[in-house]
Every structure is written in structure tokens, then in C-alpha cells.
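To start, the structure under review is shown below, and the notes come after it.
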Amino acid sequence: QREPGARAAAQGCVPPSLLAQPPPPSGLSLTFIPSPAVLKSLNEFYDDARVSGLAVPSPNEAEFRAYNLLTHLRDPDIVWSTELLPQALFAHPLLQRALALHRLAQRANLARGERASPGAFARFFRLVADPATPYLFACILSTHFAEVRRGALEALRGAFLRQHSALPLATVARMLGCDDDDEARSVCEQVGIVVRSDEGGVAVAEVHKQAVLKGASCRSRFDPPLSLRPPRREGS
């Protein structure tokens with residue numbers, strides 16, 4: 001009974017740019033990006049009902065648990081609490097996909113980062129773009145793309161020396177889930193990575209240990225990358 005209210009309460013939390021996007025093939029509503037506070041409250045309602053013994057099975061619980069996971073990528077306790085859910089709920093494909101995305105988004109180069117993090121940012125963006133990932137998952141995660149990309153560049157910076165060949169900008173774009181080389185250039189330049197043309201005229205990024213990164217974060221795009229958007233309907 002709380003789910004319709006949670007959907008309604010989340011209305012208005014989405015940037016106008018997303019409102020113009022066509023609905024996803026799955027039929028999920030794109031008129032909102034769920035508020036973290038709303039999702040947290042809804043999950044607490046689920047928990048309270050289960051503890052009281054009055055829980056009514058909800059076909060949407062796994063969906064909203066997944067949204068809660070993806071809006072709290074830096075919460076160290078949310079995975080632990082998810083693992084305590086009933087097995088049938090924990091094994092739901094939506095929840096398992098959200099857990100996989102949550103795991104791949106972790107960073108070891110944060111003050112409170114997950115030290116065992118694989119630093120698998122390229123795999124993270126590939127999984128976001130996977131056709132089996134719900135479009136609304138990508139919408140939620142797009143608000144985290146800036147911090148994930150900065151963390152990725154910091155990790156790459158620590159892996160290369162100045163004498164190594166500069167990374168082709170096209171490779172950086174692919175690894176960071178950018179729409180094109182122009183977006184990759186913008187991301188690099190925002191954090192202080194120099195982008196230049198090599199002897200063959202190929203755009204490359206000077207990512208190495210001697211590169212000095214700016215303190216500013218990458219600007220976040222609310223719109224998911226074009227590659228993640230469903231095809232527009234004919235006539236739209």
C-alpha cells in the first residue's frame with residue numbers, strides 16, 4: 001500500500017531533461033528519479049511489516065529495494081542489510097543486478113572507500129549499458145557518473161608513468177562510458193588531465209602519475225548517455 005505513495009512522493013524529483021525522454025520498453029515510469037529519503041522510508045516500512053509478522057507479499061519490493069541500493073552507493077551498511085533479506089527476495093534478478101552495479105561502482109581511492117574494491121569502472125559502465133539493465137537503473141546511476149569517472153581517472157593516473165604512451169581519447173571514452181570523444185575530453189579537462197594530439201593526429205589523454213588533478217569534481221549529467229537511451233518511437 002505504501003508503494004503508490006512512494007511513487008507519488010517521488011514526483012518532481014527528476015530534472016526537466018528526463019521528462020522529455022520517451023518511456024522505456026519495459027513500461028517503467030520515467031517521470032521521476034526516486035528520492036533517497038522516500039526509498040529509505042519505504043524500505044523501513046517493508047522491514048517493520050516483516051518484523052511484526054504482518055508482511056503482505058509485494059511484487060514490487062525487490063524493485064524498490066534495488067532503487068534504494070543504487071541511490072546509496074557510498075553507504076557501507078546497505079549491502080549488509082540487503083544480505084539479511086529472505087532468500088527468495090535476495091535472489092530476485094533486479095536486486096542481484098543492483099548489487100552487481102553497487103559492487104562495481106566502489107572505489108578504493110576514497111577516504112572511506114572499500115579497500116577490497118576491484119576498481120572495475122569499465123565493467124560498471126558496460127553493465128549500466130547492458131540491455132538487461134532497467135532504464136530507470138541507468139537514470140538513477142547517471143547522478144553518480146561524475147564521481148565514478150573521477151575515481152576512474154585517479155586510478156588510471158596511479159597506474160601509468162609519464163614515459164608510458166598517452167591513452168587514446170577514444171579508449172578513455174569507452175572505459176568511462178562517455179557518449180563520444182568530446183564528452184571524454186570534457187571529463188578529462190575538468191579534472192586537469194591534458195588532452196592533446198599525438199604525432200599521428202590522434203587525440204590522447206596524458207594520464208600518468210605526474211599529472212596534477214584539480215580538486216573540482218566532474219560536472220554530473222542528469223541525462224543518461226545517448227547509448228543508454230531507448231530508441232525513440234516513430235513520430236516522436
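Letters A, B, ... mark the chains of the C-alpha cells in the order given; residue numbers begin at 1 per chain; ligand numbers begin at 1, in order shown.
Near Leu169 (chain A), within 6 Å and counting only C-alpha atoms, sit Thr171, Val172, Ala203, Val204 and Ala205 of chain A, not including residues fewer than 2 positions from it in the same chain.
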Please return as a VMD selection string: the residues of region 41-162 of chain A that backbone DSSP assigns to helix (DSSP H, G or I). chain A and resid 41 to 52 61 to 71 78 to 83 87 to 90 93 to 104 121 to 129 135 to 157
If we count only C-alpha atoms, what is near Leu104 (chain A) at a cut-off of 6 Å, once residues fewer than 3 positions away on the same chain are taken out, given as JSON, numbers by chain? {"A": [101, 120, 124]}
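Distance check against Ala100 (chain A) using only C-alpha atoms: of A:Cys188, A:Leu73, A:Val51, A:Leu42, the minimum falls on A:Leu73.
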Step one, run DSSP on the backbone; step two, keep only residues of region 25-221 of chain A assigned to strand (DSSP E or B); then write them as a CSV table (one decimal) with C-alpha atoms, in the first residue's frame.
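The file below, states38.csv, is the result:
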chain,number,residue,atom,x,y,z
A,167,LEU,CA,45.9,6.9,-23.7
A,168,PRO,CA,43.9,7.4,-26.8
A,195,VAL,CA,44.3,16.2,-23.9
A,196,ARG,CA,46.4,16.7,-27.0
A,197,SER,CA,47.0,15.3,-30.5
A,203,ALA,CA,43.6,12.7,-29.6
A,204,VAL,CA,45.3,11.3,-26.5
A,205,ALA,CA,44.9,11.9,-22.7
Leu153 (chain A): which residues within 12 Å, counting only C-alpha atoms, same-chain residues fewer than 5 positions away excluded, as a JSON list (two decimals) with N, CA and C atoms, in the first residue's frame?
[["chain", "number", "residue", "atom", "x", "y", "z"],
["A", 107, "ARG", "N", 34.98, 2.33, -4.86],
["A", 107, "ARG", "CA", 36.30, 2.88, -5.11],
["A", 107, "ARG", "C", 37.21, 2.65, -3.91],
["A", 109, "ASN", "N", 40.05, 4.43, -3.74],
["A", 109, "ASN", "CA", 40.77, 5.69, -3.57],
["A", 109, "ASN", "C", 39.89, 6.77, -2.96],
["A", 119, "GLY", "N", 37.91, -1.78, -8.45],
["A", 119, "GLY", "CA", 38.19, -0.66, -9.33],
["A", 119, "GLY", "C", 37.75, -0.92, -10.75],
["A", 120, "ALA", "N", 36.63, -1.62, -10.85],
["A", 120, "ALA", "CA", 36.18, -2.10, -12.17],
["A", 120, "ALA", "C", 35.22, -1.10, -12.82],
["A", 121, "PHE", "N", 35.70, 0.12, -13.02],
["A", 121, "PHE", "CA", 34.82, 1.16, -13.54],
["A", 121, "PHE", "C", 34.38, 0.87, -14.97],
["A", 122, "ALA", "N", 35.25, 0.29, -15.80],
["A", 122, "ALA", "CA", 34.86, -0.03, -17.17],
["A", 122, "ALA", "C", 33.76, -1.08, -17.19],
["A", 146, "ALA", "N", 29.63, 11.23, -12.45],
["A", 146, "ALA", "CA", 30.73, 12.17, -12.29],
["A", 146, "ALA", "C", 31.75, 11.66, -11.29],
["A", 147, "GLU", "N", 31.29, 11.19, -10.14],
["A", 147, "GLU", "CA", 32.24, 10.73, -9.12],
["A", 147, "GLU", "C", 32.90, 9.42, -9.54],
["A", 148, "VAL", "N", 32.16, 8.55, -10.23],
["A", 148, "VAL", "CA", 32.77, 7.29, -10.68],
["A", 148, "VAL", "C", 33.86, 7.60, -11.71],
["A", 158, "GLY", "N", 47.32, 6.61, -11.30],
["A", 158, "GLY", "CA", 48.28, 5.90, -10.46],
["A", 158, "GLY", "C", 48.89, 4.68, -11.12],
["A", 159, "ALA", "N", 48.38, 4.30, -12.27],
["A", 159, "ALA", "CA", 48.85, 3.07, -12.92],
["A", 159, "ALA", "C", 49.88, 3.33, -14.02],
["A", 160, "PHE", "N", 50.06, 4.59, -14.43],
["A", 160, "PHE", "CA", 50.95, 4.88, -15.56],
["A", 160, "PHE", "C", 52.02, 5.89, -15.16],
["A", 167, "LEU", "N", 47.06, 7.69, -23.30],
["A", 167, "LEU", "CA", 45.90, 6.88, -23.66],
["A", 167, "LEU", "C", 45.11, 7.53, -24.78],
["A", 172, "VAL", "N", 39.64, 6.14, -23.55],
["A", 172, "VAL", "CA", 39.12, 6.75, -22.33],
["A", 172, "VAL", "C", 37.60, 6.87, -22.40],
["A", 173, "ALA", "N", 37.09, 7.29, -23.55],
["A", 173, "ALA", "CA", 35.64, 7.43, -23.72],
["A", 173, "ALA", "C", 34.94, 6.09, -23.51],
["A", 175, "MET", "N", 36.07, 3.45, -21.80],
["A", 175, "MET", "CA", 36.21, 2.99, -20.43],
["A", 175, "MET", "C", 35.31, 3.75, -19.47],
["A", 176, "LEU", "N", 35.08, 5.02, -19.74],
["A", 176, "LEU", "CA", 34.29, 5.86, -18.84],
["A", 176, "LEU", "C", 32.82, 5.96, -19.25],
["A", 184, "ALA", "N", 34.43, 12.73, -23.39],
["A", 184, "ALA", "CA", 35.61, 12.26, -22.68],
["A", 184, "ALA", "C", 36.62, 13.38, -22.50],
["A", 187, "VAL", "N", 35.39, 15.58, -19.67],
["A", 187, "VAL", "CA", 35.61, 14.95, -18.37],
["A", 187, "VAL", "C", 37.07, 15.07, -17.96],
["A", 188, "CYS", "N", 37.99, 14.79, -18.88],
["A", 188, "CYS", "CA", 39.43, 14.87, -18.57],
["A", 188, "CYS", "C", 39.84, 16.29, -18.21],
["A", 189, "GLU", "N", 39.41, 17.25, -18.99],
["A", 189, "GLU", "CA", 39.84, 18.63, -18.77],
["A", 189, "GLU", "C", 39.27, 19.20, -17.48],
["A", 190, "GLN", "N", 38.09, 18.75, -17.09],
["A", 190, "GLN", "CA", 37.50, 19.24, -15.84],
["A", 190, "GLN", "C", 38.35, 18.87, -14.63],
["A", 191, "VAL", "N", 39.03, 17.74, -14.68],
["A", 191, "VAL", "CA", 39.84, 17.32, -13.54],
["A", 191, "VAL", "C", 41.33, 17.61, -13.75],
["A", 192, "GLY", "N", 41.67, 18.25, -14.85],
["A", 192, "GLY", "CA", 43.04, 18.68, -15.08],
["A", 192, "GLY", "C", 43.88, 17.76, -15.94],
["A", 193, "ILE", "N", 43.29, 16.74, -16.56],
["A", 193, "ILE", "CA", 44.03, 15.86, -17.46],
["A", 193, "ILE", "C", 44.21, 16.56, -18.81],
["A", 194, "VAL", "N", 45.45, 16.65, -19.27],
["A", 194, "VAL", "CA", 45.73, 17.31, -20.55],
["A", 194, "VAL", "C", 45.36, 16.39, -21.70],
["A", 205, "ALA", "N", 45.03, 11.34, -24.07],
["A", 205, "ALA", "CA", 44.93, 11.94, -22.73],
["A", 205, "ALA", "C", 46.20, 11.62, -21.96],
["A", 206, "GLU", "N", 46.80, 12.64, -21.36],
["A", 206, "GLU", "CA", 48.04, 12.47, -20.59],
["A", 206, "GLU", "C", 47.70, 12.02, -19.17],
["A", 207, "VAL", "N", 47.42, 10.74, -19.03],
["A", 207, "VAL", "CA", 47.06, 10.17, -17.73],
["A", 207, "VAL", "C", 48.27, 9.43, -17.18],
["A", 208, "HIS", "N", 48.92, 10.00, -16.15],
["A", 208, "HIS", "CA", 50.10, 9.37, -15.55],
["A", 208, "HIS", "C", 50.30, 9.94, -14.15],
["A", 209, "LYS", "N", 51.24, 9.37, -13.41],
["A", 209, "LYS", "CA", 51.42, 9.73, -12.01],
["A", 209, "LYS", "C", 51.85, 11.18, -11.81],
["A", 211, "ALA", "N", 50.71, 13.69, -13.50],
["A", 211, "ALA", "CA", 49.60, 14.61, -13.81],
["A", 211, "ALA", "C", 49.00, 15.13, -12.50],
["A", 212, "VAL", "N", 48.77, 16.43, -12.46],
["A", 212, "VAL", "CA", 48.20, 17.06, -11.26],
["A", 212, "VAL", "C", 46.70, 17.27, -11.50],
["A", 213, "LEU", "N", 45.90, 16.61, -10.68],
["A", 213, "LEU", "CA", 44.45, 16.71, -10.84],
["A", 213, "LEU", "C", 43.90, 17.89, -10.07],
["A", 214, "LYS", "N", 42.91, 18.53, -10.64],
["A", 214, "LYS", "CA", 42.22, 19.62, -9.96],
["A", 214, "LYS", "C", 41.33, 19.07, -8.86],
["A", 217, "SER", "N", 35.25, 18.38, -8.95],
["A", 217, "SER", "CA", 34.70, 17.14, -9.49],
["A", 217, "SER", "C", 34.19, 17.37, -10.90],
["A", 218, "CYS", "N", 34.00, 16.28, -11.62],
["A", 218, "CYS", "CA", 33.39, 16.37, -12.94],
["A", 218, "CYS", "C", 31.95, 16.83, -12.77]]
